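Engineer: Contents of structure.pdb (PDB, C-alpha atoms, pLDDT in the B column) are given next:
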```pdb
ATOM      1  CA  MET V 214     188.735  18.629 143.867  1.00 61.00           C
ATOM      2  CA  ASN V 215     188.211  16.021 141.148  1.00 70.00           C
ATOM      3  CA  ILE V 216     189.231  12.425 141.726  1.00 77.00           C
ATOM      4  CA  PRO V 217     192.525  11.579 139.932  1.00 80.00           C
ATOM      5  CA  ASP V 218     192.235   9.589 136.700  1.00 79.00           C
ATOM      6  CA  GLY V 219     193.819   6.565 138.351  1.00 80.00           C
ATOM      7  CA  LEU V 220     190.870   6.296 140.746  1.00 87.00           C
ATOM      8  CA  ARG V 221     188.149   6.550 138.118  1.00 84.00           C
ATOM      9  CA  SER V 222     187.891   2.893 137.183  1.00 80.00           C
ATOM     10  CA  PHE V 223     184.583   2.836 139.084  1.00 87.00           C
ATOM     11  CA  GLU V 224     182.295   5.102 141.117  1.00 89.00           C
ATOM     12  CA  TRP V 225     183.210   5.701 144.764  1.00 93.00           C
ATOM     13  CA  HIS V 226     179.719   5.480 146.224  1.00 91.00           C
ATOM     14  CA  ASP V 227     177.384   2.589 147.094  1.00 91.00           C
ATOM     15  CA  LEU V 228     180.592   0.562 146.941  1.00 93.00           C
ATOM     16  CA  PRO V 229     180.777  -2.722 148.921  1.00 92.00           C
ATOM     17  CA  VAL V 230     183.715  -2.898 151.339  1.00 93.00           C
ATOM     18  CA  ASP V 231     185.460  -6.225 151.953  1.00 89.00           C
ATOM     19  CA  GLU V 232     188.062  -4.986 154.409  1.00 91.00           C
ATOM     20  CA  ILE V 233     189.459  -1.901 156.121  1.00 94.00           C
ATOM     21  CA  ALA V 234     193.004  -2.408 157.426  1.00 94.00           C
ATOM     22  CA  ILE V 235     195.281   0.014 159.279  1.00 92.00           C
ATOM     23  CA  CYS V 236     198.736  -1.480 159.799  1.00 88.00           C
ATOM     24  CA  SER V 237     202.429  -1.196 158.945  1.00 82.00           C
ATOM     25  CA  GLY V 238     202.255   2.527 158.176  1.00 90.00           C
ATOM     26  CA  LYS V 239     199.372   2.331 155.735  1.00 94.00           C
ATOM     27  CA  VAL V 240     195.619   2.275 155.342  1.00 96.00           C
ATOM     28  CA  VAL V 241     194.161  -0.303 152.955  1.00 95.00           C
ATOM     29  CA  VAL V 242     190.527  -0.222 151.859  1.00 96.00           C
ATOM     30  CA  THR V 243     189.473  -3.284 149.861  1.00 92.00           C
ATOM     31  CA  VAL V 244     186.347  -2.810 147.757  1.00 93.00           C
ATOM     32  CA  SER V 245     184.356  -4.862 145.241  1.00 87.00           C
ATOM     33  CA  PRO V 246     182.784  -2.678 142.549  1.00 90.00           C
ATOM     34  CA  TYR V 247     180.297  -4.151 140.111  1.00 84.00           C
ATOM     35  CA  ILE V 248     181.632  -3.859 136.569  1.00 79.00           C
ATOM     36  CA  ASP V 249     178.582  -3.362 134.347  1.00 78.00           C
ATOM     37  CA  GLU V 250     180.361  -4.298 131.134  1.00 74.00           C
ATOM     38  CA  LEU V 251     181.459  -7.635 132.637  1.00 68.00           C
ATOM     39  CA  SER V 252     178.307  -8.274 134.730  1.00 68.00           C
ATOM     40  CA  GLU V 253     180.368  -9.238 137.768  1.00 70.00           C
ATOM     41  CA  TYR V 254     182.148  -7.918 140.850  1.00 77.00           C
ATOM     42  CA  ARG V 255     185.926  -7.401 140.896  1.00 81.00           C
ATOM     43  CA  THR V 256     188.089  -6.704 143.948  1.00 85.00           C
ATOM     44  CA  TRP V 257     190.436  -3.698 144.234  1.00 90.00           C
ATOM     45  CA  CYS V 258     192.602  -2.283 147.036  1.00 92.00           C
ATOM     46  CA  LEU V 259     193.094   1.430 147.661  1.00 94.00           C
ATOM     47  CA  VAL V 260     196.437   1.661 149.453  1.00 94.00           C
ATOM     48  CA  LEU V 261     197.363   4.851 151.346  1.00 96.00           C
ATOM     49  CA  GLU V 262     200.991   4.566 152.456  1.00 95.00           C
ATOM     50  CA  GLU V 263     202.964   6.639 154.962  1.00 94.00           C
ATOM     51  CA  PRO V 264     200.363   9.390 155.403  1.00 95.00           C
ATOM     52  CA  ASP V 265     201.428  12.547 157.219  1.00 95.00           C
ATOM     53  CA  GLU V 266     198.230  12.296 159.229  1.00 95.00           C
ATOM     54  CA  VAL V 267     195.222  10.009 159.676  1.00 96.00           C
ATOM     55  CA  VAL V 268     192.124  10.966 161.638  1.00 96.00           C
ATOM     56  CA  LEU V 269     189.539   8.284 162.393  1.00 95.00           C
ATOM     57  CA  ALA V 270     185.951   9.316 163.054  1.00 94.00           C
ATOM     58  CA  ILE V 271     184.508   5.919 163.937  1.00 88.00           C
ATOM     59  CA  ALA V 272     181.780   5.459 166.515  1.00 84.00           C
ATOM     60  CA  GLY V 273     178.635   3.457 167.172  1.00 82.00           C
ATOM     61  CA  THR V 274     177.587  -0.023 168.160  1.00 87.00           C
ATOM     62  CA  LEU V 275     177.708  -2.551 165.350  1.00 86.00           C
ATOM     63  CA  ALA V 276     175.813  -5.795 165.062  1.00 88.00           C
ATOM     64  CA  SER V 277     177.235  -8.693 163.066  1.00 85.00           C
ATOM     65  CA  ALA V 278     174.961  -7.783 160.161  1.00 86.00           C
ATOM     66  CA  ASP V 279     176.418  -4.257 160.092  1.00 89.00           C
ATOM     67  CA  LEU V 280     179.979  -5.588 159.777  1.00 87.00           C
ATOM     68  CA  LYS V 281     178.875  -7.551 156.717  1.00 85.00           C
ATOM     69  CA  ASN V 282     177.269  -4.546 155.031  1.00 90.00           C
ATOM     70  CA  ILE V 283     179.836  -1.744 155.049  1.00 94.00           C
ATOM     71  CA  GLU V 284     179.834   0.506 151.978  1.00 95.00           C
ATOM     72  CA  VAL V 285     181.881   3.448 150.758  1.00 96.00           C
ATOM     73  CA  ALA V 286     179.505   6.412 150.626  1.00 96.00           C
ATOM     74  CA  SER V 287     182.000   8.864 149.123  1.00 95.00           C
ATOM     75  CA  LEU V 288     185.643   9.641 148.406  1.00 95.00           C
ATOM     76  CA  ASN V 289     186.410  13.345 148.729  1.00 95.00           C
ATOM     77  CA  ILE V 290     189.796  14.602 147.559  1.00 94.00           C
ATOM     78  CA  SER V 291     191.253  17.861 148.898  1.00 92.00           C
ATOM     79  CA  HIS V 292     194.683  17.524 147.278  1.00 88.00           C
ATOM     80  CA  ALA V 293     196.044  15.196 144.623  1.00 85.00           C
ATOM     81  CA  ASP V 294     199.079  14.794 142.410  1.00 82.00           C
ATOM     82  CA  ALA V 295     200.732  11.845 140.712  1.00 75.00           C
ATOM     83  CA  ASP V 296     201.941  10.292 143.961  1.00 85.00           C
ATOM     84  CA  VAL V 297     200.315  11.987 146.958  1.00 93.00           C
ATOM     85  CA  LEU V 298     196.684  12.161 148.017  1.00 94.00           C
ATOM     86  CA  SER V 299     194.794  13.982 150.774  1.00 96.00           C
ATOM     87  CA  GLY V 300     191.097  13.750 151.552  1.00 96.00           C
ATOM     88  CA  ALA V 301     188.484  11.643 153.293  1.00 97.00           C
ATOM     89  CA  ILE V 302     186.652   8.363 152.774  1.00 97.00           C
ATOM     90  CA  THR V 303     183.129   8.136 154.215  1.00 97.00           C
ATOM     91  CA  PHE V 304     181.654   4.732 155.053  1.00 96.00           C
ATOM     92  CA  LEU V 305     178.164   3.544 155.907  1.00 95.00           C
ATOM     93  CA  PRO V 306     178.516   0.556 158.271  1.00 94.00           C
ATOM     94  CA  GLY V 307     175.115  -1.035 157.832  1.00 89.00           C
ATOM     95  CA  SER V 308     172.612   0.819 159.979  1.00 86.00           C
ATOM     96  CA  ALA V 309     175.187   1.910 162.569  1.00 85.00           C
ATOM     97  CA  GLY V 310     175.765   5.511 161.451  1.00 89.00           C
ATOM     98  CA  VAL V 311     178.646   7.048 159.502  1.00 93.00           C
ATOM     99  CA  TRP V 312     182.413   6.472 159.638  1.00 95.00           C
ATOM    100  CA  THR V 313     185.071   8.716 158.121  1.00 96.00           C
ATOM    101  CA  ILE V 314     188.791   8.249 157.602  1.00 97.00           C
ATOM    102  CA  HIS V 315     190.569  11.563 156.960  1.00 97.00           C
ATOM    103  CA  PHE V 316     194.083  11.321 155.522  1.00 97.00           C
ATOM    104  CA  ARG V 317     196.751  13.814 154.490  1.00 96.00           C
ATOM    105  CA  GLY V 318     199.886  13.432 152.387  1.00 95.00           C
ATOM    106  CA  ALA V 319     199.565   9.718 151.655  1.00 96.00           C
ATOM    107  CA  ARG V 320     201.320   7.961 148.805  1.00 94.00           C
ATOM    108  CA  TRP V 321     198.544   6.106 147.039  1.00 94.00           C
ATOM    109  CA  SER V 322     197.909   3.262 144.638  1.00 91.00           C
ATOM    110  CA  LEU V 323     194.881   1.360 143.393  1.00 89.00           C
ATOM    111  CA  VAL V 324     195.662  -2.284 142.670  1.00 85.00           C
ATOM    112  CA  ARG V 325     193.764  -5.439 141.885  1.00 80.00           C
ATOM    113  CA  ALA V 326     193.491  -7.566 144.992  1.00 79.00           C
ATOM    114  CA  ALA V 327     194.521 -10.598 142.951  1.00 68.00           C
ATOM    115  CA  THR V 328     196.498  -9.612 139.874  1.00 66.00           C
ATOM    116  CA  PRO V 329     196.318 -12.330 137.222  1.00 71.00           C
ATOM    117  CA  PRO V 330     199.601 -13.853 136.054  1.00 84.00           C
ATOM    118  CA  THR V 331     200.744 -12.970 132.556  1.00 90.00           C
ATOM    119  CA  MET V 332     202.233 -14.754 129.559  1.00 94.00           C
ATOM    120  CA  TRP V 333     204.156 -13.384 126.581  1.00 96.00           C
ATOM    121  CA  VAL V 334     202.805 -14.195 123.120  1.00 97.00           C
ATOM    122  CA  PHE V 335     204.868 -13.794 119.946  1.00 97.00           C
ATOM    123  CA  ASN V 336     203.226 -13.181 116.561  1.00 96.00           C
ATOM    124  CA  GLY V 337     205.456 -13.155 113.515  1.00 96.00           C
ATOM    125  CA  ASP V 338     204.945 -10.493 110.867  1.00 96.00           C
ATOM    126  CA  ASN V 339     201.865 -11.224 108.712  1.00 92.00           C
ATOM    127  CA  SER V 340     201.058 -14.315 110.777  1.00 92.00           C
ATOM    128  CA  THR V 341     197.506 -15.416 111.596  1.00 89.00           C
ATOM    129  CA  PHE V 342     198.368 -17.447 114.698  1.00 93.00           C
ATOM    130  CA  PRO V 343     200.991 -17.028 117.462  1.00 95.00           C
ATOM    131  CA  GLY V 344     204.351 -18.672 116.948  1.00 96.00           C
ATOM    132  CA  ALA V 345     205.167 -19.144 120.628  1.00 97.00           C
ATOM    133  CA  VAL V 346     204.077 -18.441 124.205  1.00 97.00           C
ATOM    134  CA  PHE V 347     206.532 -17.798 127.062  1.00 96.00           C
ATOM    135  CA  PRO V 348     206.287 -17.237 130.830  1.00 93.00           C
ATOM    136  CA  SER V 349     208.672 -14.252 130.692  1.00 91.00           C
ATOM    137  CA  SER V 350     209.822 -11.607 128.243  1.00 91.00           C
ATOM    138  CA  GLU V 351     213.439 -12.682 128.789  1.00 92.00           C
ATOM    139  CA  ALA V 352     212.709 -16.241 127.623  1.00 94.00           C
ATOM    140  CA  ALA V 353     210.784 -14.906 124.637  1.00 96.00           C
ATOM    141  CA  GLU V 354     213.565 -12.532 123.604  1.00 95.00           C
ATOM    142  CA  SER V 355     216.169 -15.311 123.773  1.00 96.00           C
ATOM    143  CA  TRP V 356     214.098 -17.367 121.345  1.00 97.00           C
ATOM    144  CA  ILE V 357     213.429 -14.384 119.067  1.00 97.00           C
ATOM    145  CA  ARG V 358     217.157 -13.560 118.898  1.00 96.00           C
ATOM    146  CA  LEU V 359     218.088 -17.210 118.343  1.00 97.00           C
ATOM    147  CA  HIS V 360     215.955 -17.401 115.201  1.00 97.00           C
ATOM    148  CA  SER V 361     216.354 -13.744 114.064  1.00 97.00           C
ATOM    149  CA  LEU V 362     212.593 -13.273 114.027  1.00 97.00           C
ATOM    150  CA  SER V 363     210.492 -10.271 113.066  1.00 97.00           C
ATOM    151  CA  GLY V 364     207.141  -9.620 114.711  1.00 97.00           C
ATOM    152  CA  THR V 365     205.441  -8.489 117.915  1.00 96.00           C
ATOM    153  CA  LEU V 366     205.742  -9.753 121.483  1.00 96.00           C
ATOM    154  CA  THR V 367     202.709  -8.927 123.644  1.00 95.00           C
ATOM    155  CA  GLU V 368     202.042  -9.490 127.349  1.00 93.00           C
ATOM    156  CA  TYR V 369     198.618 -11.054 128.038  1.00 93.00           C
ATOM    157  CA  PRO V 370     196.881 -11.635 131.380  1.00 90.00           C
ATOM    158  CA  VAL V 371     196.133 -15.301 132.105  1.00 91.00           C
ATOM    159  CA  GLY V 372     192.584 -16.312 132.972  1.00 88.00           C
ATOM    160  CA  VAL V 373     190.936 -13.132 131.719  1.00 88.00           C
ATOM    161  CA  GLY V 374     190.267 -11.777 128.232  1.00 92.00           C
ATOM    162  CA  ALA V 375     192.211  -8.747 127.045  1.00 93.00           C
ATOM    163  CA  TYR V 376     188.873  -6.974 126.465  1.00 93.00           C
ATOM    164  CA  ASP V 377     187.668  -7.637 130.031  1.00 89.00           C
ATOM    165  CA  TRP V 378     191.087  -6.752 131.479  1.00 86.00           C
ATOM    166  CA  ALA V 379     191.137  -3.415 129.659  1.00 87.00           C
ATOM    167  CA  ILE V 380     187.621  -2.444 130.785  1.00 85.00           C
ATOM    168  CA  GLU V 381     188.252  -3.499 134.364  1.00 77.00           C
ATOM    169  CA  GLY V 382     191.503  -1.532 134.541  1.00 75.00           C
ATOM    170  CA  GLY V 383     189.975   1.612 133.045  1.00 75.00           C
ATOM    171  CA  HIS V 384     192.066   1.303 129.854  1.00 82.00           C
ATOM    172  CA  PHE V 385     189.067   1.014 127.540  1.00 87.00           C
ATOM    173  CA  LYS V 386     185.386   1.916 127.657  1.00 87.00           C
ATOM    174  CA  PRO V 387     182.890   0.600 125.089  1.00 90.00           C
ATOM    175  CA  THR V 388     181.224   3.607 123.455  1.00 91.00           C
ATOM    176  CA  LYS V 389     179.847   2.065 120.271  1.00 93.00           C
ATOM    177  CA  GLU V 390     177.603  -0.892 119.596  1.00 93.00           C
ATOM    178  CA  LYS V 391     180.351  -2.617 117.592  1.00 95.00           C
ATOM    179  CA  HIS V 392     182.533  -2.576 120.731  1.00 94.00           C
ATOM    180  CA  LYS V 393     180.209  -5.241 122.158  1.00 92.00           C
ATOM    181  CA  SER V 394     180.295  -7.531 119.134  1.00 95.00           C
ATOM    182  CA  ALA V 395     181.835 -11.003 119.268  1.00 96.00           C
ATOM    183  CA  HIS V 396     184.293 -10.149 116.476  1.00 95.00           C
ATOM    184  CA  PHE V 397     185.539  -7.026 118.270  1.00 96.00           C
ATOM    185  CA  ILE V 398     185.899  -8.765 121.650  1.00 95.00           C
ATOM    186  CA  GLY V 399     187.563 -11.847 120.164  1.00 94.00           C
ATOM    187  CA  SER V 400     190.211  -9.844 118.289  1.00 92.00           C
ATOM    188  CA  PHE V 401     190.738  -7.111 120.910  1.00 94.00           C
ATOM    189  CA  THR V 402     194.151  -6.007 122.180  1.00 90.00           C
ATOM    190  CA  ALA V 403     194.685  -2.987 124.413  1.00 88.00           C
ATOM    191  CA  GLY V 404     197.211  -0.219 123.972  1.00 86.00           C
ATOM    192  CA  ALA V 405     197.895  -0.579 127.701  1.00 83.00           C
ATOM    193  CA  GLN V 406     199.250  -4.097 127.160  1.00 90.00           C
ATOM    194  CA  THR V 407     203.027  -4.186 126.892  1.00 89.00           C
ATOM    195  CA  HIS V 408     204.108  -4.644 123.262  1.00 91.00           C
ATOM    196  CA  PHE V 409     207.609  -5.056 121.854  1.00 93.00           C
ATOM    197  CA  HIS V 410     208.385  -5.004 118.129  1.00 96.00           C
ATOM    198  CA  TYR V 411     211.284  -6.947 116.594  1.00 97.00           C
ATOM    199  CA  GLU V 412     213.068  -6.974 113.270  1.00 96.00           C
ATOM    200  CA  ASP V 413     215.525  -9.758 112.438  1.00 97.00           C
ATOM    201  CA  GLY V 414     215.776 -10.619 116.129  1.00 96.00           C
ATOM    202  CA  SER V 415     216.401  -7.076 117.417  1.00 95.00           C
ATOM    203  CA  ARG V 416     213.926  -5.018 119.383  1.00 93.00           C
ATOM    204  CA  ARG V 417     212.844  -1.780 117.694  1.00 89.00           C
TER     205      ARG V 417
END
```
Show me, as structure tokens, the structure contained in the file I just sent.

Structural biologist:
Amino acid sequence: MNIPDGLRSFEWHDLPVDEIAICSGKVVVTVSPYIDELSEYRTWCLVLEEPDEVVLAIAGTLASADLKNIEVASLNISHADADVLSGAITFLPGSAGVWTIHFRGARWSLVRAATPPTMWVFNGDNSTFPGAVFPSSEAAESWIRLHSLSGTLTEYPVGVGAYDWAIEGGHFKPTKEKHKSAHFIGSFTAGAQTHFHYEDGSRR
């Protein structure tokens, strides 16, 4: 079966593993894929919660070097829907053989290991520059209502460009040469960013 769209942000093979954790009713596999478009590694966690069944096929004698060189060899899905996943993850622990974690009926999510904080930026209609920046949408809306403003309120990640954030999260993939230009990157906003539109202080 094909891998669900939510797991297609990167390829599930030759994938460096930072941590494998089995605790508190869940399995967490932390990986660091290399994002070609950004020329750097980013860390993600595949979380498998409350599985109906987990089967561990782990054996072999590992040296310290093997523990530092574990990779995901493959992710094979036997059943998938919006919330529940069944299948198997195969690992290569250095030169110590092959490990497999089989799972059935697990609620799943793929999350950034360290999600950047966000800020809310308001741009008035026909404005060139932002009119205000707020730590929360509630604070922004209070100010927008107070002054009966018209424009757009957009949530931005802090410490990462909207272009990089969109590529990393699988929301955008550069397919044309112009998508790599300085002008495009510098003016980029993603449809996946939360946007609210206002007219005379009221959200539309």

Engineer: Would you kindly identify which residues have an atom no farther than 6 Å from (196.2, 2.1, 146.8), using only C-alpha atoms and the file's own coordinates, and write them out as a PyMOL selection string?

Structural biologist: chain V and resi 258-261+321-323

Engineer: With 12 Å as the cut-off and only C-alpha atoms counted, what is the closest atom pair between each nearby residue of stretch 235-279 of chain V and stretch 326-341 of chain V? Distances in Å to one decimal, ordered by chain and number, as a Markdown table.

Structural biologist:
```
| residue | atom | partner | partner_atom | distance |
| --- | --- | --- | --- | --- |
| V:Val241 | CA | V:Ala326 | CA | 10.8 |
| V:Val242 | CA | V:Ala326 | CA | 10.5 |
| V:Thr243 | CA | V:Ala326 | CA | 7.6 |
| V:Val244 | CA | V:Ala326 | CA | 9.0 |
| V:Ser245 | CA | V:Ala326 | CA | 9.5 |
| V:Arg255 | CA | V:Ala326 | CA | 8.6 |
| V:Thr256 | CA | V:Ala326 | CA | 5.6 |
| V:Trp257 | CA | V:Ala326 | CA | 5.0 |
| V:Cys258 | CA | V:Ala326 | CA | 5.7 |
| V:Leu259 | CA | V:Ala326 | CA | 9.4 |
| V:Val260 | CA | V:Ala326 | CA | 10.7 |
```

Engineer: Given 3 Å of margin on each side, can you work out the centre and size in Å (one decimal) of an axis-aligned box holding every listed atom of stretch 277-294 of chain V, as JSON?

Structural biologist:
```
{"center_x": 187.0, "center_y": 4.6, "center_z": 152.7, "size_x": 30.1, "size_y": 32.6, "size_z": 26.7}
```

Engineer: Using the chain letters and numbers from the file, give me the residues hit by the PyMOL selection byres ((chain V and resi 376) around 7), as a PyMOL selection string.

Structural biologist: chain V and resi 374-375+377-380+398+401-402

Engineer: Keeping C-alpha atoms, export the residues of the selection given above as a PDB file, keeping the file's coordinate frame.

Structural biologist:
```pdb
ATOM      1  CA  GLY V 374     190.267 -11.777 128.232  1.00 92.00           C
ATOM      2  CA  ALA V 375     192.211  -8.747 127.045  1.00 93.00           C
ATOM      3  CA  ASP V 377     187.668  -7.637 130.031  1.00 89.00           C
ATOM      4  CA  TRP V 378     191.087  -6.752 131.479  1.00 86.00           C
ATOM      5  CA  ALA V 379     191.137  -3.415 129.659  1.00 87.00           C
ATOM      6  CA  ILE V 380     187.621  -2.444 130.785  1.00 85.00           C
ATOM      7  CA  ILE V 398     185.899  -8.765 121.650  1.00 95.00           C
ATOM      8  CA  PHE V 401     190.738  -7.111 120.910  1.00 94.00           C
ATOM      9  CA  THR V 402     194.151  -6.007 122.180  1.00 90.00           C
TER      10      THR V 402
END
```

Engineer: Tell me which of V:Ser415, V:Leu275, V:Glu354, V:Ser222 sits closest to V:Arg325, counting only C-alpha atoms.

Structural biologist: V:Ser222
